[in-house]
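Quick look at entry.pdb (PDB, C-alpha atoms and all ligand atoms):
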ATOM      1  CA  MET A  14     -24.124 -10.830   7.461
ATOM      2  CA  ALA A  15     -22.468 -10.243   4.104
ATOM      3  CA  ASP A  16     -19.479 -12.431   3.231
ATOM      4  CA  LEU A  17     -16.352 -10.252   3.206
ATOM      5  CA  ALA A  18     -13.781 -12.862   2.111
ATOM      6  CA  VAL A  19     -11.773 -12.052  -1.021
ATOM      7  CA  ARG A  20      -9.124 -13.913  -2.993
ATOM      8  CA  LEU A  21      -6.088 -11.760  -3.767
ATOM      9  CA  ALA A  22      -3.899 -13.679  -6.232
ATOM     10  CA  SER A  23      -3.199 -16.893  -4.278
ATOM     11  CA  LEU A  24      -4.008 -15.327  -0.889
ATOM     12  CA  GLU A  25      -7.278 -15.882   0.943
ATOM     13  CA  LEU A  26      -8.187 -12.758   2.945
ATOM     14  CA  ARG A  27     -11.020 -12.772   5.498
ATOM     15  CA  ASN A  28     -11.851  -9.268   4.313
ATOM     16  CA  PRO A  29     -10.368  -6.755   1.844
ATOM     17  CA  LEU A  30      -8.917  -4.471   4.547
ATOM     18  CA  LEU A  31      -5.147  -4.041   4.832
ATOM     19  CA  SER A  32      -2.918  -1.572   6.605
ATOM     20  CA  ALA A  33      -0.827   0.687   4.323
ATOM     21  CA  SER A  34       2.952   0.473   4.616
ATOM     22  CA  GLY A  35       4.569   2.916   7.042
ATOM     23  CA  THR A  36       1.348   4.046   8.696
ATOM     24  CA  PHE A  37       0.608   1.185  11.089
ATOM     25  CA  GLY A  38       3.990   0.402  12.620
ATOM     26  CA  HIS A  39       4.777  -3.171  11.702
ATOM     27  CA  GLY A  40       1.221  -4.084  12.669
ATOM     28  CA  LEU A  41       1.098  -5.135  16.284
ATOM     29  CA  GLU A  42       1.620  -1.668  17.777
ATOM     30  CA  MET A  43      -2.100  -1.080  17.056
ATOM     31  CA  GLN A  44      -3.423  -4.524  18.052
ATOM     32  CA  TYR A  45      -5.444  -3.342  21.047
ATOM     33  CA  LEU A  46      -7.295  -0.800  18.915
ATOM     34  CA  SER A  47      -7.390  -2.671  15.604
ATOM     35  CA  PRO A  48      -6.947  -6.388  16.341
ATOM     36  CA  PRO A  49      -5.343  -8.313  13.446
ATOM     37  CA  GLU A  50      -8.161 -10.881  13.503
ATOM     38  CA  ARG A  51     -10.498  -8.167  12.237
ATOM     39  CA  LEU A  52      -8.214  -7.335   9.281
ATOM     40  CA  GLY A  53      -7.454  -9.020   5.995
ATOM     41  CA  GLY A  54      -3.751  -8.364   6.359
ATOM     42  CA  LEU A  55      -0.900  -6.290   7.713
ATOM     43  CA  VAL A  56       1.704  -4.610   5.511
ATOM     44  CA  SER A  57       5.059  -3.794   7.093
ATOM     45  CA  LYS A  58       6.878  -0.511   6.827
ATOM     46  CA  THR A  59       9.414  -0.623   3.976
ATOM     47  CA  VAL A  60      12.369  -2.807   4.982
ATOM     48  CA  SER A  61      15.745  -2.163   3.337
ATOM     49  CA  LEU A  62      18.936  -4.253   3.329
ATOM     50  CA  LEU A  63      20.818  -1.881   5.632
ATOM     51  CA  PRO A  64      19.431   0.351   8.393
ATOM     52  CA  ARG A  65      18.342   3.799   7.147
ATOM     53  CA  PRO A  66      18.303   6.819   9.476
ATOM     54  CA  GLY A  67      15.663   8.611   7.384
ATOM     55  CA  ASN A  68      15.569  12.311   6.531
ATOM     56  CA  LYS A  69      16.129  15.342   8.750
ATOM     57  CA  ASN A  70      13.264  16.962  10.679
ATOM     58  CA  PRO A  71      10.793  18.480  10.046
ATOM     59  CA  ARG A  72       9.552  15.521   8.041
ATOM     60  CA  ILE A  73       5.806  15.499   8.686
ATOM     61  CA  PHE A  74       3.461  18.396   8.014
ATOM     62  CA  GLU A  75      -0.297  18.307   8.354
ATOM     63  CA  THR A  76      -2.010  20.194   5.513
ATOM     64  CA  GLU A  77      -5.644  21.291   5.194
ATOM     65  CA  ALA A  78      -6.482  17.888   3.735
ATOM     66  CA  GLY A  79      -3.910  15.250   4.571
ATOM     67  CA  PHE A  80      -0.233  14.799   5.374
ATOM     68  CA  LEU A  81       3.033  15.703   3.724
ATOM     69  CA  ASN A  82       5.832  13.386   4.817
ATOM     70  CA  SER A  83       9.485  12.916   4.032
ATOM     71  CA  ILE A  84      10.321  10.168   6.509
ATOM     72  CA  GLY A  85      12.867   8.813   4.032
ATOM     73  CA  LEU A  86      12.161   5.116   4.599
ATOM     74  CA  GLU A  87      13.697   5.092   8.078
ATOM     75  CA  ASN A  88      13.999   1.491   9.275
ATOM     76  CA  ARG A  89      16.382  -0.829  11.113
ATOM     77  CA  GLY A  90      17.214  -3.002   8.099
ATOM     78  CA  ILE A  91      16.453  -6.601   7.219
ATOM     79  CA  GLU A  92      18.584  -8.215   9.950
ATOM     80  CA  SER A  93      16.688  -6.470  12.711
ATOM     81  CA  TYR A  94      13.360  -7.091  10.937
ATOM     82  CA  LEU A  95      14.050 -10.835  10.813
ATOM     83  CA  ALA A  96      15.383 -11.034  14.364
ATOM     84  CA  SER A  97      12.860  -8.957  16.277
ATOM     85  CA  THR A  98       9.950  -7.673  14.176
ATOM     86  CA  LEU A  99       8.931 -10.653  12.064
ATOM     87  CA  PRO A 100       8.692 -13.268  14.858
ATOM     88  CA  GLU A 101       6.298 -10.965  16.703
ATOM     89  CA  VAL A 102       4.210  -9.931  13.681
ATOM     90  CA  ALA A 103       3.964 -13.563  12.614
ATOM     91  CA  THR A 104       1.754 -14.235  15.647
ATOM     92  CA  ALA A 105      -0.946 -12.013  14.096
ATOM     93  CA  ASP A 106      -3.985 -13.887  12.838
ATOM     94  CA  CYS A 107      -4.087 -12.369   9.347
ATOM     95  CA  VAL A 108      -2.063 -12.352   6.128
ATOM     96  CA  ILE A 109       1.432 -10.856   6.507
ATOM     97  CA  PHE A 110       2.940  -8.720   3.741
ATOM     98  CA  THR A 111       6.523  -7.515   3.976
ATOM     99  CA  ASN A 112       7.100  -4.309   2.026
ATOM    100  CA  ILE A 113      10.642  -4.094   0.635
ATOM    101  CA  GLY A 114      12.647  -1.258  -0.873
ATOM    102  CA  GLY A 115      16.105  -0.548  -2.195
ATOM    103  CA  GLU A 116      18.198   1.827  -4.219
ATOM    104  CA  ARG A 117      19.302  -0.780  -6.757
ATOM    105  CA  GLU A 118      17.570  -3.670  -8.464
ATOM    106  CA  ALA A 119      20.004  -6.009  -6.702
ATOM    107  CA  ASP A 120      18.736  -4.762  -3.292
ATOM    108  CA  PHE A 121      15.170  -5.851  -4.120
ATOM    109  CA  VAL A 122      16.441  -9.221  -5.352
ATOM    110  CA  GLU A 123      18.552  -9.840  -2.252
ATOM    111  CA  LEU A 124      15.698  -8.879   0.100
ATOM    112  CA  ALA A 125      13.283 -11.153  -1.753
ATOM    113  CA  ARG A 126      15.794 -14.019  -1.659
ATOM    114  CA  ILE A 127      16.219 -13.626   2.112
ATOM    115  CA  LEU A 128      12.476 -13.343   2.782
ATOM    116  CA  ASP A 129      11.645 -16.288   0.519
ATOM    117  CA  GLU A 130      13.103 -18.529   3.231
ATOM    118  CA  ARG A 131      10.713 -17.193   5.876
ATOM    119  CA  ASP A 132       7.376 -19.010   6.050
ATOM    120  CA  GLU A 133       5.963 -16.286   8.303
ATOM    121  CA  VAL A 134       5.867 -13.937   5.295
ATOM    122  CA  ASP A 135       2.851 -14.596   3.073
ATOM    123  CA  ALA A 136       3.558 -12.022   0.364
ATOM    124  CA  LEU A 137       5.967  -9.275  -0.662
ATOM    125  CA  GLU A 138       5.045  -5.746  -1.612
ATOM    126  CA  LEU A 139       7.730  -3.952  -3.641
ATOM    127  CA  ASN A 140       7.931  -0.234  -2.924
ATOM    128  CA  LEU A 141       8.840   1.012  -6.390
ATOM    129  CA  SER A 142       8.770   4.643  -5.227
ATOM    130  CA  CYS A 143      12.266   4.263  -3.761
ATOM    131  CA  PRO A 144      14.934   6.499  -5.322
ATOM    132  CA  ASN A 145      16.901   4.563  -7.955
ATOM    133  CA  VAL A 146      20.573   5.350  -7.432
ATOM    134  CA  GLN A 147      21.573   3.519 -10.622
ATOM    135  CA  GLY A 148      18.930   5.333 -12.644
ATOM    136  CA  GLY A 149      19.904   8.832 -11.487
ATOM    137  CA  LYS A 150      17.710   9.160  -8.367
ATOM    138  CA  LEU A 151      14.453   8.766 -10.293
ATOM    139  CA  PRO A 152      12.249   6.233  -8.519
ATOM    140  CA  PHE A 153      11.937   2.734 -10.041
ATOM    141  CA  GLY A 154       8.250   3.436 -10.176
ATOM    142  CA  THR A 155       8.410   6.059 -12.924
ATOM    143  CA  ASP A 156      10.042   4.017 -15.697
ATOM    144  CA  PRO A 157       8.132   0.975 -17.019
ATOM    145  CA  LYS A 158      11.253  -0.827 -18.294
ATOM    146  CA  THR A 159      13.079  -0.478 -14.960
ATOM    147  CA  ALA A 160      10.020  -1.586 -12.994
ATOM    148  CA  GLU A 161       9.473  -4.597 -15.260
ATOM    149  CA  SER A 162      13.098  -5.596 -14.867
ATOM    150  CA  VAL A 163      12.928  -5.393 -11.032
ATOM    151  CA  LEU A 164       9.872  -7.662 -11.028
ATOM    152  CA  ARG A 165      11.459 -10.095 -13.509
ATOM    153  CA  GLU A 166      14.622 -10.446 -11.409
ATOM    154  CA  VAL A 167      12.745 -10.697  -8.077
ATOM    155  CA  ARG A 168      10.400 -13.301  -9.600
ATOM    156  CA  LYS A 169      13.428 -15.550 -10.223
ATOM    157  CA  VAL A 170      14.267 -15.820  -6.506
ATOM    158  CA  THR A 171      10.867 -16.249  -4.845
ATOM    159  CA  LYS A 172       7.571 -18.041  -5.332
ATOM    160  CA  LYS A 173       5.805 -15.752  -2.850
ATOM    161  CA  PRO A 174       3.043 -13.555  -4.274
ATOM    162  CA  LEU A 175       4.525 -10.233  -5.425
ATOM    163  CA  PHE A 176       2.638  -6.952  -5.271
ATOM    164  CA  ALA A 177       4.161  -3.947  -7.030
ATOM    165  CA  LYS A 178       3.326  -0.703  -5.245
ATOM    166  CA  LEU A 179       3.103   2.013  -7.856
ATOM    167  CA  SER A 180       3.743   5.730  -7.717
ATOM    168  CA  PRO A 181       1.000   8.086  -8.906
ATOM    169  CA  ASN A 182       3.675  10.574 -10.034
ATOM    170  CA  VAL A 183       3.683   9.387 -13.647
ATOM    171  CA  THR A 184       1.907  10.405 -16.833
ATOM    172  CA  ARG A 185       0.228   7.032 -17.471
ATOM    173  CA  ILE A 186       0.029   4.681 -14.503
ATOM    174  CA  SER A 187      -1.560   2.026 -16.747
ATOM    175  CA  ASP A 188       1.808   1.678 -18.527
ATOM    176  CA  MET A 189       3.456   0.988 -15.169
ATOM    177  CA  ALA A 190       0.783  -1.560 -14.244
ATOM    178  CA  ARG A 191       1.208  -3.407 -17.564
ATOM    179  CA  ALA A 192       4.997  -3.375 -17.120
ATOM    180  CA  VAL A 193       4.949  -4.968 -13.664
ATOM    181  CA  GLU A 194       2.373  -7.526 -14.836
ATOM    182  CA  ALA A 195       4.699  -8.428 -17.720
ATOM    183  CA  GLY A 196       7.551  -8.733 -15.204
ATOM    184  CA  GLY A 197       5.621 -11.328 -13.198
ATOM    185  CA  ALA A 198       3.798  -9.362 -10.491
ATOM    186  CA  ASP A 199       0.809 -11.136  -8.931
ATOM    187  CA  GLY A 200      -0.871  -7.854  -8.099
ATOM    188  CA  VAL A 201      -0.558  -4.074  -8.107
ATOM    189  CA  THR A 202      -0.928  -1.670  -5.185
ATOM    190  CA  ALA A 203      -2.131   1.737  -6.344
ATOM    191  CA  VAL A 204      -0.919   4.135  -5.019
ATOM    192  CA  ASN A 205       1.943   5.522  -2.994
ATOM    193  CA  THR A 206       2.050   9.229  -2.064
ATOM    194  CA  LEU A 207       1.786  12.145  -4.497
ATOM    195  CA  LEU A 208       4.735  14.555  -4.657
ATOM    196  CA  GLY A 209       3.826  17.724  -2.794
ATOM    197  CA  MET A 210       5.163  20.807  -1.029
ATOM    198  CA  ALA A 211       4.198  23.343   1.643
ATOM    199  CA  VAL A 212       5.834  26.605   2.714
ATOM    200  CA  ASP A 213       5.501  29.277   5.391
ATOM    201  CA  TRP A 214       5.804  32.519   3.398
ATOM    202  CA  ARG A 215       6.169  34.695   6.521
ATOM    203  CA  LYS A 216       9.222  32.834   7.726
ATOM    204  CA  ARG A 217      10.387  32.012   4.183
ATOM    205  CA  ALA A 218      10.590  28.444   5.471
ATOM    206  CA  TRP A 219       9.907  25.078   3.885
ATOM    207  CA  ARG A 220       7.538  22.963   5.947
ATOM    208  CA  LEU A 221       9.682  19.880   5.260
ATOM    209  CA  ALA A 222      13.470  19.804   5.525
ATOM    210  CA  THR A 223      13.562  18.041   2.149
ATOM    211  CA  LYS A 224      11.323  20.773   0.619
ATOM    212  CA  GLN A 225       9.294  18.157  -1.306
ATOM    213  CA  GLY A 226       7.495  15.267   0.297
ATOM    214  CA  GLY A 227       4.815  12.650  -0.192
ATOM    215  CA  TYR A 228       1.225  13.855   0.035
ATOM    216  CA  SER A 229      -1.344  11.414   1.447
ATOM    217  CA  GLY A 230      -4.729  11.288   3.139
ATOM    218  CA  VAL A 231      -8.192  12.539   2.330
ATOM    219  CA  GLY A 232      -7.058  15.101  -0.276
ATOM    220  CA  ILE A 233      -5.555  12.478  -2.597
ATOM    221  CA  LYS A 234      -8.595  10.183  -2.787
ATOM    222  CA  PRO A 235      -9.941  11.313  -6.176
ATOM    223  CA  VAL A 236      -6.469  11.036  -7.747
ATOM    224  CA  ALA A 237      -5.747   7.674  -6.128
ATOM    225  CA  LEU A 238      -9.170   6.287  -7.057
ATOM    226  CA  ARG A 239      -8.590   7.270 -10.688
ATOM    227  CA  CYS A 240      -5.139   5.624 -10.599
ATOM    228  CA  ALA A 241      -6.534   2.403  -9.092
ATOM    229  CA  TRP A 242      -9.277   2.324 -11.750
ATOM    230  CA  GLU A 243      -6.757   2.877 -14.566
ATOM    231  CA  CYS A 244      -4.653  -0.011 -13.251
ATOM    232  CA  ALA A 245      -7.674  -2.295 -12.898
ATOM    233  CA  GLN A 246      -8.655  -1.526 -16.494
ATOM    234  CA  ALA A 247      -5.140  -2.203 -17.748
ATOM    235  CA  VAL A 248      -4.204  -5.532 -16.156
ATOM    236  CA  ASP A 249      -5.635  -8.966 -15.361
ATOM    237  CA  ILE A 250      -3.887  -9.268 -11.985
ATOM    238  CA  PRO A 251      -5.697  -7.938  -8.873
ATOM    239  CA  VAL A 252      -5.350  -4.329  -7.749
ATOM    240  CA  ILE A 253      -5.124  -3.142  -4.142
ATOM    241  CA  GLY A 254      -6.463   0.406  -3.884
ATOM    242  CA  CYS A 255      -4.814   2.899  -1.552
ATOM    243  CA  GLY A 256      -5.188   6.614  -0.969
ATOM    244  CA  GLY A 257      -7.382   8.721   1.268
ATOM    245  CA  ILE A 258      -9.584   5.924   2.596
ATOM    246  CA  ARG A 259     -11.291   6.802   5.888
ATOM    247  CA  SER A 260     -14.700   5.126   5.778
ATOM    248  CA  ALA A 261     -16.575   2.014   4.669
ATOM    249  CA  GLU A 262     -18.075   4.108   1.847
ATOM    250  CA  ASP A 263     -14.537   4.837   0.608
ATOM    251  CA  VAL A 264     -13.679   1.114   0.742
ATOM    252  CA  LEU A 265     -16.669   0.160  -1.398
ATOM    253  CA  GLU A 266     -15.922   2.925  -3.924
ATOM    254  CA  TYR A 267     -12.453   1.431  -4.481
ATOM    255  CA  LEU A 268     -13.935  -2.060  -4.905
ATOM    256  CA  ALA A 269     -16.566  -0.750  -7.311
ATOM    257  CA  VAL A 270     -13.877   0.628  -9.675
ATOM    258  CA  GLY A 271     -12.142  -2.748  -9.769
ATOM    259  CA  CYS A 272      -9.969  -3.173  -6.670
ATOM    260  CA  THR A 273      -9.964  -6.530  -4.887
ATOM    261  CA  ALA A 274      -8.663  -5.108  -1.605
ATOM    262  CA  VAL A 275      -7.717  -1.748  -0.091
ATOM    263  CA  GLN A 276      -5.129  -0.268   2.249
ATOM    264  CA  VAL A 277      -5.776   2.369   4.890
ATOM    265  CA  GLY A 278      -2.875   4.724   5.633
ATOM    266  CA  THR A 279      -3.011   8.301   6.920
ATOM    267  CA  ALA A 280      -6.468   7.864   8.472
ATOM    268  CA  SER A 281      -4.950   5.447  11.015
ATOM    269  CA  PHE A 282      -2.891   8.281  12.545
ATOM    270  CA  SER A 283      -5.963  10.202  13.705
ATOM    271  CA  ASP A 284      -8.067   7.084  14.305
ATOM    272  CA  PRO A 285      -5.968   3.952  14.997
ATOM    273  CA  ALA A 286      -9.157   1.976  15.718
ATOM    274  CA  LEU A 287     -10.572   2.683  12.242
ATOM    275  CA  LEU A 288      -9.137  -0.388  10.507
ATOM    276  CA  GLY A 289     -10.527  -2.626  13.227
ATOM    277  CA  ARG A 290     -14.019  -1.133  12.833
ATOM    278  CA  LEU A 291     -14.161  -1.056   9.047
ATOM    279  CA  ALA A 292     -15.094  -4.713   8.452
ATOM    280  CA  GLY A 293     -18.233  -4.323  10.581
ATOM    281  CA  GLU A 294     -19.121  -1.065   8.854
ATOM    282  CA  VAL A 295     -18.587  -2.534   5.377
ATOM    283  CA  SER A 296     -20.834  -5.474   6.335
ATOM    284  CA  GLU A 297     -23.563  -3.127   7.498
ATOM    285  CA  LEU A 298     -23.472  -1.186   4.216
ATOM    286  CA  LEU A 299     -23.642  -4.388   2.176
ATOM    287  CA  ASP A 300     -26.485  -5.793   4.285
ATOM    288  CA  ALA A 301     -28.428  -2.560   3.892
ATOM    289  CA  ALA A 302     -27.946  -2.752   0.120
ATOM    290  CA  GLY A 303     -28.993  -6.430   0.014
ATOM    291  CA  ILE A 304     -25.577  -7.577  -1.246
ATOM    292  CA  ASP A 305     -24.506 -11.037  -0.007
ATOM    293  CA  SER A 306     -20.804 -10.944  -0.806
ATOM    294  CA  VAL A 307     -18.300  -8.118  -1.122
ATOM    295  CA  CYS A 308     -17.021  -9.849  -4.281
ATOM    296  CA  GLU A 309     -20.264  -8.909  -6.052
ATOM    297  CA  LEU A 310     -19.181  -5.280  -5.830
ATOM    298  CA  ILE A 311     -15.719  -5.677  -7.331
ATOM    299  CA  ASP A 312     -15.611  -3.910 -10.721
ATOM    300  CA  CYS A 313     -19.375  -3.325 -10.711
ATOM    301  CA  MET A 314     -19.475   0.180 -12.217
ATOM    302  CA  GLU A 315     -20.591  -0.940 -15.680
ATOM    303  CA  ARG A 316     -22.970  -3.651 -14.420
ATOM    304  CA  PRO A 317     -26.714  -3.030 -14.099
ATOM    305  CA  LEU A 318     -28.010  -2.351 -10.581
ATOM    306  CA  PRO A 319     -29.661  -5.321  -8.857
ATOM    307  CA  ALA A 320     -33.413  -4.984  -8.321
ATOM    308  CA  SER A 321     -32.898  -4.627  -4.541
ATOM    309  CA  VAL A 322     -31.082  -1.267  -4.814
TER     310      VAL A 322
HETATM  311  C1  LIG B   1       4.078   8.744   7.486
HETATM  312  C2  LIG B   1       3.988   7.859   6.283
HETATM  313  C3  LIG B   1       4.959   6.886   6.070
HETATM  314  C4  LIG B   1       4.882   6.058   4.947
HETATM  315  N1  LIG B   1       5.838   5.090   4.757
HETATM  316  C5  LIG B   1       5.757   4.255   3.688
HETATM  317  C6  LIG B   1       6.693   3.199   3.518
HETATM  318  O1  LIG B   1       7.594   2.983   4.360
HETATM  319  N2  LIG B   1       6.579   2.415   2.417
HETATM  320  C7  LIG B   1       5.572   2.572   1.484
HETATM  321  O2  LIG B   1       5.505   1.807   0.508
HETATM  322  N3  LIG B   1       4.642   3.562   1.631
HETATM  323  C8  LIG B   1       4.715   4.389   2.701
HETATM  324  N4  LIG B   1       3.773   5.369   2.877
HETATM  325  C9  LIG B   1       2.673   5.510   1.882
HETATM  326  C10 LIG B   1       1.383   4.813   2.346
HETATM  327  O3  LIG B   1       1.577   3.433   2.516
HETATM  328  C11 LIG B   1       0.240   5.038   1.332
HETATM  329  O4  LIG B   1       0.598   4.488   0.085
HETATM  330  C12 LIG B   1      -0.089   6.518   1.139
HETATM  331  O5  LIG B   1       0.018   7.225   2.348
HETATM  332  C13 LIG B   1      -1.491   6.744   0.554
HETATM  333  O6  LIG B   1      -2.490   6.202   1.397
HETATM  334  P1  LIG B   1      -3.298   7.101   2.483
HETATM  335  O7  LIG B   1      -3.818   8.300   1.762
HETATM  336  O8  LIG B   1      -4.368   6.204   3.010
HETATM  337  O9  LIG B   1      -2.301   7.468   3.523
HETATM  338  C14 LIG B   1       3.818   6.211   3.996
HETATM  339  C15 LIG B   1       2.838   7.194   4.231
HETATM  340  C16 LIG B   1       2.906   8.008   5.345
HETATM  341  C17 LIG B   1       1.829   9.044   5.552
END

Would it be possible to restate this file's structure as structure tokens?
Ligand SMILES: Cc1cc2nc3c(=O)[nH]c(=O)nc-3n(C[C@H](O)[C@H](O)[C@H](O)COP(=O)(O)O)c2cc1C
Amino acid sequence: MADLAVRLASLELRNPLLSASGTFGHGLEMQYLSPPERLGGLVSKTVSLLPRPGNKNPRIFETEAGFLNSIGLENRGIESYLASTLPEVATADCVIFTNIGGEREADFVELARILDERDEVDALELNLSCPNVQGGKLPFGTDPKTAESVLREVRKVTKKPLFAKLSPNVTRISDMARAVEAGGADGVTAVNTLLGMAVDWRKRAWRLATKQGGYSGVGIKPVALRCAWECAQAVDIPVIGCGGIRSAEDVLEYLAVGCTAVQVGTASFSDPALLGRLAGEVSELLDAAGIDSVCELIDCMERPLPASV
């Protein structure tokens, strides 16, 4: 059996398979279908300082090739996360990431300071796609200087590994990746959802109450794969690929372009057992190709093929 273990910054993962924020509950809701001991790690839904009610309905629309969502980062806030969610998730036998978000730089800093005191949390993922109230509603994730500053300030209050989750809705995602690396990120997650829209022309109705929403799932894979590759080319810190993954083949494609790990999001809605099966399926593909360790595949696109292939 091929060795699936990867090192992601200072974290040792049993395999490169993570849940994507907001698509897997806080992790344990799916444990009977995708047991945590078969995963590399669980990523929480975005947690904010105060509870957020989220956006009005309709806020999910299934397109021909993926989802549009405008959930609006609904969550019960950090107090509830610490009191009821974290103690439960911490029993999971895999690496625990808490994904944090805020409308001001100070929100990210405060959340990181609070979570730094909790040993149950192995790493933080910063959702830089949150609207930036200070910066005129543009997300933190579209301005390199703002993103770098968030990382720099968060870095001052925690030693936990920091992963900056980037938005694909920018002209050059490599600039964003370099900025968060300069700010002290230990890794980059690429990517969050693409901005999208759907309408019903007969009813003259928007499919989402917010008109625009985040597009995810199978349709975004080529865009997300290109983004992950651009990030991997641009920085020395590890990249977690995310976008449209629904098979072991998809996982290995992301590793081949330079990712160290991947996250599975939208695919878990139609197949909540997928994440739990993927490690076995990845192993089978590697065994069939005569590859001993998944690490051999990371960033292999420009390397010559081994004789066995
Ligand atoms: C319903 C839904 C809710 C999401 N909520 C969050 C969230 O709370 N925080 C976050 O960083 N990303 C969130 N995302 C984005 C996913 O984590 C992921 O980056 C994106 O969906 C692309 O991956 P996929 O194509 O595998 O779904 C959400 C996505 C969906 C579909």

Report as a ChimeraX atom specification the residues that result from applying the PyMOL selection byres (((chain A and resi 296) around 10) and not hetatm) to the structure here.
/A:14-17,28,261,291-295,297-302,304-307

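Using all atoms listed in the file, the residues found no farther than 6 Å from Gly227 of chain A, other than those of its own chain fewer than 2 positions away, are Leu81, Asn82, Thr206, Leu207, Leu208 and Gly209 of chain A.
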
With all atoms listed in the file counted, which protein, DNA or RNA residues have an atom no more than 8 Å from (19.8, -1.3, -8.3) in the file frame? Please answer as a PyMOL selection string.
chain A and resi 115-121+145-148

Residues near Tyr228 of chain A, anyone? I mean within 12 Å using only C-alpha atoms, not counting same-chain ones fewer than 4 positions away, as a PDB file with C-alpha atoms, keeping the file's coordinate frame.
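Final file, part_15.pdb:
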ATOM      1  CA  ARG A  72       9.552  15.521   8.041  1.00  0.00           C
ATOM      2  CA  ILE A  73       5.806  15.499   8.686  1.00  0.00           C
ATOM      3  CA  PHE A  74       3.461  18.396   8.014  1.00  0.00           C
ATOM      4  CA  GLU A  75      -0.297  18.307   8.354  1.00  0.00           C
ATOM      5  CA  THR A  76      -2.010  20.194   5.513  1.00  0.00           C
ATOM      6  CA  GLU A  77      -5.644  21.291   5.194  1.00  0.00           C
ATOM      7  CA  ALA A  78      -6.482  17.888   3.735  1.00  0.00           C
ATOM      8  CA  GLY A  79      -3.910  15.250   4.571  1.00  0.00           C
ATOM      9  CA  PHE A  80      -0.233  14.799   5.374  1.00  0.00           C
ATOM     10  CA  LEU A  81       3.033  15.703   3.724  1.00  0.00           C
ATOM     11  CA  ASN A  82       5.832  13.386   4.817  1.00  0.00           C
ATOM     12  CA  SER A  83       9.485  12.916   4.032  1.00  0.00           C
ATOM     13  CA  ILE A  84      10.321  10.168   6.509  1.00  0.00           C
ATOM     14  CA  SER A 180       3.743   5.730  -7.717  1.00  0.00           C
ATOM     15  CA  PRO A 181       1.000   8.086  -8.906  1.00  0.00           C
ATOM     16  CA  ASN A 182       3.675  10.574 -10.034  1.00  0.00           C
ATOM     17  CA  VAL A 204      -0.919   4.135  -5.019  1.00  0.00           C
ATOM     18  CA  ASN A 205       1.943   5.522  -2.994  1.00  0.00           C
ATOM     19  CA  THR A 206       2.050   9.229  -2.064  1.00  0.00           C
ATOM     20  CA  LEU A 207       1.786  12.145  -4.497  1.00  0.00           C
ATOM     21  CA  LEU A 208       4.735  14.555  -4.657  1.00  0.00           C
ATOM     22  CA  GLY A 209       3.826  17.724  -2.794  1.00  0.00           C
ATOM     23  CA  MET A 210       5.163  20.807  -1.029  1.00  0.00           C
ATOM     24  CA  ALA A 211       4.198  23.343   1.643  1.00  0.00           C
ATOM     25  CA  LEU A 221       9.682  19.880   5.260  1.00  0.00           C
ATOM     26  CA  GLY A 232      -7.058  15.101  -0.276  1.00  0.00           C
ATOM     27  CA  ILE A 233      -5.555  12.478  -2.597  1.00  0.00           C
ATOM     28  CA  LYS A 234      -8.595  10.183  -2.787  1.00  0.00           C
ATOM     29  CA  VAL A 236      -6.469  11.036  -7.747  1.00  0.00           C
ATOM     30  CA  ALA A 237      -5.747   7.674  -6.128  1.00  0.00           C
ATOM     31  CA  GLY A 256      -5.188   6.614  -0.969  1.00  0.00           C
ATOM     32  CA  GLY A 257      -7.382   8.721   1.268  1.00  0.00           C
ATOM     33  CA  GLY A 278      -2.875   4.724   5.633  1.00  0.00           C
ATOM     34  CA  THR A 279      -3.011   8.301   6.920  1.00  0.00           C
TER      35      THR A 279
END

For Asn68 of chain A, work out the shell of residues within 9 Å, counting all atoms listed in the file and skipping chain neighbours fewer than 6 positions away, then give it as a ChimeraX atom specification.
/A:83-87,222-223

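Among the candidates A:Val170, A:Leu31, A:Ala245, A:Ala18, the residue lying nearest to ligand LIG 1 (chain B) is A:Leu31 (atoms considered: only C-alpha atoms and all ligand atoms).
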
Residues near Asp312 of chain A, anyone? I mean within 6 Å using all atoms listed in the file, not counting same-chain ones fewer than 2 positions away, as a list in words.
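So, after excluding close chain neighbours, the residues are Ala269, Val270, Gly271 and Met314 of chain A.
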
Evaluated on this file, the PyMOL selection byres (((chain A and resi 98) around 12) and not hetatm) picks out some residues - which ones are they, written as a PyMOL selection string?
chain A and resi 38-42+57-58+60+88-97+99-105+109+111+133-134

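With atom CA of Glu161 of chain A on one side and atom C3 of ligand LIG 1 (chain B) on the other, the separation reads 24.6 Å.
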
Under the rule that only C-alpha atoms are counted, which of A:Gly67, A:Pro251, A:Gly35, A:Gly54 is the nearest residue to Asp135 of chain A?
A:Gly54

As lines of an AutoDock Vina configuration file, please: the centre and edge lengths in Å, to one decimal, of an axis-aligned box enclosing every listed atom of ligand LIG 1 (chain B) with 5 Å added on each side.
center_x = 1.6
center_y = 5.4
center_z = 3.8
size_x = 22.0
size_y = 17.2
size_z = 17.4

Which residues are near Phe282 of chain A? Cut-off 10 Å, only C-alpha atoms, ignore same chain within fewer than 4 positions. Put them as number ranges by chain.
A: 36-37, 278, 286-287

I need the residue nearest ligand LIG 1 (chain B) from this list: A:Val277, A:Cys143, A:Leu46, A:Leu26. Use only C-alpha atoms and all ligand atoms for the distance.
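Among A:Val277, A:Cys143, A:Leu46, A:Leu26, it is A:Val277 that comes nearest to ligand LIG 1 (chain B).
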
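Counting all atoms listed in the file and comparing A:Ser187, A:Thr273, A:Asn112, A:Ser23, the residue that lies closest to ligand LIG 1 (chain B) is A:Asn112.
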